[in-house]
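Notes follow once the structure below has been shown.
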Amino acid sequence: MPFGGFGSQSSQQLEKNRNRRQEMKITIHRGTDQIGGCVTEYEHEGWRLFVDYGEQLPGAKHTEPLDIEGLTKGDLSKSALLITHYHGDHIGCITKIPDAVPMYIGKVGRDIQLVLSNHLMSVDNLQKDVIEKLDKARTFNPGVPFSFGPFSIKPIIIDHSAFDAYAFKIEAEEKSVFHTGDFRTHGFRSGNLPKVINAYVGHVDYMVCEATNVSRPDATSKSEHALQQEYVDRFKAHKGNIVYVSTTNIDRIFALYHAALRAGRPFYVDEYQKKVMDVVVQGDQIWGKSPLYRYGKYLPKVLQYENGEFRINDKFREYLELKGYVLLARAKSKFNKLIAQMPGEKVKYLSMWNGYVRPDGIAYSPALAEALGSDFEYLHTSGHCDMQGMKQLFKLLSPQAIIPIHTENPDKFVELFGKEWHVLRLHDGECVSL
Ligand SMILES: [Zn+2]
Ligand SMILES: [Zn+2]
């Protein structure tokens with residue numbers, strides 16, 4: 001039966017080739033063993049969808065610049081870049097991408113990054129290029145699918161310490177992938193996640209999942225809600241409150257603002273921080289109905305600024321002494337000078353990752369450590385999911401396989417989840433066919 005055998009083999013081969021043509025491929029160009037600088041590629045029939053192109057974190061192991069076919073070189077006519085959110089480790093390298101590659105980003109996230117880039121422009125030349133890129137970007141809406149070549153992409157809003165952050169459901173030829181982006185399940189908006197997954201995502205074939213907190217498997221993250229209550233209690237108990245917080249950690253900033261209102265303390269920010277808050281308040285998005293992102297009975301008060309310094313006079317001092325205050329500060333000399341002139345008892349809080357003030361750490365910021373001094377309270381919770389939250393999400397999506405990224409410890413991920421789920425532990429640049 002040589003002919004028959006050959007014939008059937010041939011048709012099998014044809015079938016195989018046909019199937020092969022239809023396969024979607026995933027390549028993690030960077031991010032299989034580090035938290036920063038993730039770049040993921042989805043490829044189908046010559047079309048390429050990249051997700052995120054960020055900067056590596058300080059102290060990253062391999063720091064060679066990435067040169068990627070279809071993203072930075074070669075044929076760019078069938079490529080697009082999706083941005084999950086505005087954190088530097090996801091968006092930081094966008095200026096290296098030729099204009100021929102269209103970039104997609106959520107509208108409010110883009111507008112927040114524009115305020116930040118405009119603010120930084122005087123000290124950072126690169127921000128001009130970032131603004132140009134963002135002006136040309138295409139924006140998408142939560143839950144509204146769009147297509148690029150053979151891909152269907154559905155942006156799913158997800159809770160993270162960056163606002164307007166997205167996961168993506170990516171589909172091509174009957175295969176579906178859920179790319180989580182950075183996310184957590186202990187934020188103000190996380191309660192909706194199961195509902196959102198059921199309504200907009202359903203079951204998927206594969207998951208590309210961030211795994212930042214995998215090295216601390218037993219830690220349970222404090223909820224943003226509980227953290228806000230702690231701030232209310234502190235603000236009631238102390239008159240002078242100075243909080244060091246990332247200017248784009250929107251949920252935390254609004255939590256602090258409403259905590260100040262509840263405690264009856266005036267809330268002070270500088271003009272730049274107020275602009276960031278205004279973008280959120282004016283953004284007409286699905287969370288617009290939430291009172292968290294609205295101004296309450298009085299607006300945030302904007303610090304007066306003149307000749308490179310914040311203005312403070314006796315009247316202002318008397319007012320602060322009488323009413324107390326909550327001030328959002330940054331580790332800058334203009335803030336240090338203002339704080340030195342503010343009256344009475346001052347309690348300082350660190351409301352961001354304490355790695356910035358660990359002298360032996362790679363992310364150590366001497367300016368922040370100096371501004372805080374030795375006497376401060378650390379009141380913070382992670383922007384990333386704990387392991388319980390991760391398990392919940394896996395159950396909701398029930399994927400055939402999970403690919404961990406955005407982690408320093410992929411092997412720990414395999415150890416934790418490999419018994420229950422099929423975990424594909426990839427290496428940078430390795431390609432997998434779905
Ligand atoms: Zn992030
Ligand atoms: Zn990240």
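Ordered as shown in the structure tokens, chains take letters A, B, and onward, while each chain numbers its residues from 1 and ligands are numbered from 1 in the order shown.
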**Request:** List all protein, DNA and RNA residues that have an atom no more than 10 Å from any atom of ligand 1, counting only C-alpha atoms and all ligand atoms, and report them as number ranges by chain.
**Result:** A: 35-36, 84-91, 160-163, 165, 181-183, 210, 212, 249, 383-384, 406
**Message:** If we count only C-alpha atoms and set the cut-off at 7 Å, which residues sit around region 305-309 of chain A, ignoring sequence neighbours fewer than 2 positions away in its own chain? Please answer as an NGL selection string.
**Reply:** :A and (303 or 311 or 334)
**Polymer residues at most 12 Å from Arg358 (chain A), only C-alpha atoms, same-chain spacing of 5 or more positions, as a PyMOL selection string** = chain A and resi 353+363-366+368-370+374
Write the residues of the selection above to a file with N, CA and C atoms, as a JSON list (two decimals), in the first residue's frame.
[["chain", "number", "residue", "atom", "x", "y", "z"],
["A", 353, "TRP", "N", 5.41, 51.77, 47.54],
["A", 353, "TRP", "CA", 6.29, 50.63, 47.82],
["A", 353, "TRP", "C", 7.52, 51.07, 48.64],
["A", 363, "ALA", "N", 16.10, 49.97, 43.95],
["A", 363, "ALA", "CA", 15.24, 51.10, 43.58],
["A", 363, "ALA", "C", 15.36, 52.26, 44.58],
["A", 364, "TYR", "N", 16.40, 52.20, 45.43],
["A", 364, "TYR", "CA", 16.55, 53.17, 46.52],
["A", 364, "TYR", "C", 16.54, 54.62, 46.01],
["A", 365, "SER", "N", 15.72, 55.45, 46.64],
["A", 365, "SER", "CA", 15.67, 56.87, 46.30],
["A", 365, "SER", "C", 16.16, 57.68, 47.49],
["A", 366, "PRO", "N", 17.40, 58.18, 47.42],
["A", 366, "PRO", "CA", 17.92, 58.97, 48.54],
["A", 366, "PRO", "C", 17.06, 60.20, 48.82],
["A", 368, "LEU", "N", 13.81, 60.57, 48.45],
["A", 368, "LEU", "CA", 12.60, 60.20, 49.18],
["A", 368, "LEU", "C", 12.94, 59.84, 50.62],
["A", 369, "ALA", "N", 14.02, 59.09, 50.79],
["A", 369, "ALA", "CA", 14.43, 58.70, 52.15],
["A", 369, "ALA", "C", 14.72, 59.95, 52.99],
["A", 370, "GLU", "N", 15.36, 60.93, 52.36],
["A", 370, "GLU", "CA", 15.68, 62.16, 53.10],
["A", 370, "GLU", "C", 14.42, 62.95, 53.42],
["A", 374, "SER", "N", 13.47, 59.56, 59.42],
["A", 374, "SER", "CA", 13.41, 58.22, 60.02],
["A", 374, "SER", "C", 12.05, 57.94, 60.67]]
**Message:** Excluding Ser433 (chain A) and its own-chain neighbours fewer than 4 positions away, which residues fall within 10 Å of it when counting only C-alpha atoms? Please give them as a ChimeraX atom specification.
**Reply:** /A:20,22-27,42-44
Would you put the residues from that selection into a file with N, CA, C and O atoms, as a PDB file, in the first residue's frame?
ATOM      1  N   ARG A  20      -1.574  24.418  10.631  1.00  0.00           N
ATOM      2  CA  ARG A  20      -0.422  25.190  11.073  1.00  0.00           C
ATOM      3  C   ARG A  20      -0.580  26.661  10.676  1.00  0.00           C
ATOM      4  O   ARG A  20      -0.278  27.554  11.401  1.00  0.00           O
ATOM      5  N   GLN A  22      -3.184  28.239  10.500  1.00  0.00           N
ATOM      6  CA  GLN A  22      -4.203  28.904  11.304  1.00  0.00           C
ATOM      7  C   GLN A  22      -3.798  29.104  12.758  1.00  0.00           C
ATOM      8  O   GLN A  22      -4.550  29.670  13.530  1.00  0.00           O
ATOM      9  N   GLU A  23      -2.654  28.596  13.150  1.00  0.00           N
ATOM     10  CA  GLU A  23      -2.277  28.698  14.559  1.00  0.00           C
ATOM     11  C   GLU A  23      -1.877  30.114  14.938  1.00  0.00           C
ATOM     12  O   GLU A  23      -1.231  30.815  14.174  1.00  0.00           O
ATOM     13  N   MET A  24      -2.262  30.491  16.123  1.00  0.00           N
ATOM     14  CA  MET A  24      -1.772  31.746  16.669  1.00  0.00           C
ATOM     15  C   MET A  24      -0.503  31.411  17.456  1.00  0.00           C
ATOM     16  O   MET A  24      -0.405  30.340  18.047  1.00  0.00           O
ATOM     17  N   LYS A  25       0.473  32.325  17.391  1.00  0.00           N
ATOM     18  CA  LYS A  25       1.715  32.075  18.126  1.00  0.00           C
ATOM     19  C   LYS A  25       1.935  33.170  19.149  1.00  0.00           C
ATOM     20  O   LYS A  25       1.616  34.338  18.895  1.00  0.00           O
ATOM     21  N   ILE A  26       2.518  32.790  20.270  1.00  0.00           N
ATOM     22  CA  ILE A  26       2.854  33.777  21.306  1.00  0.00           C
ATOM     23  C   ILE A  26       4.358  33.755  21.538  1.00  0.00           C
ATOM     24  O   ILE A  26       4.953  32.683  21.716  1.00  0.00           O
ATOM     25  N   THR A  27       4.953  34.922  21.540  1.00  0.00           N
ATOM     26  CA  THR A  27       6.358  35.050  21.930  1.00  0.00           C
ATOM     27  C   THR A  27       6.454  36.100  23.026  1.00  0.00           C
ATOM     28  O   THR A  27       5.952  37.213  22.862  1.00  0.00           O
ATOM     29  N   TYR A  42       1.710  38.492  19.761  1.00  0.00           N
ATOM     30  CA  TYR A  42       0.749  37.520  19.252  1.00  0.00           C
ATOM     31  C   TYR A  42       0.847  37.581  17.739  1.00  0.00           C
ATOM     32  O   TYR A  42       0.736  38.665  17.159  1.00  0.00           O
ATOM     33  N   GLU A  43       1.092  36.435  17.097  1.00  0.00           N
ATOM     34  CA  GLU A  43       1.283  36.428  15.641  1.00  0.00           C
ATOM     35  C   GLU A  43       0.287  35.476  14.997  1.00  0.00           C
ATOM     36  O   GLU A  43       0.021  34.388  15.511  1.00  0.00           O
ATOM     37  N   HIS A  44      -0.292  35.921  13.886  1.00  0.00           N
ATOM     38  CA  HIS A  44      -1.187  35.037  13.143  1.00  0.00           C
ATOM     39  C   HIS A  44      -1.183  35.427  11.674  1.00  0.00           C
ATOM     40  O   HIS A  44      -1.449  36.579  11.338  1.00  0.00           O
TER      41      HIS A  44
END
**Asked** Restricting the calculation to only C-alpha atoms and all ligand atoms, which member of A:Cys209, A:Leu114, A:Leu81, A:Leu379 is positioned closest to ligand 2?
**Response**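 Closest to ligand 2 of all the choices is A:Cys209.
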**Request:** Check the smallest atom-to-atom distance from each of A:Pro291, A:Gly324, A:Pro155, A:Gly92 to Phe188 (chain A) using only C-alpha atoms, then report the winner.
**Result:** A:Pro291
**Request:** Step one, run DSSP on the backbone; step two, keep only residues of region 63-260 of chain A assigned to strand (DSSP E or B); then write them as a count of residues only.
**Result:** 47
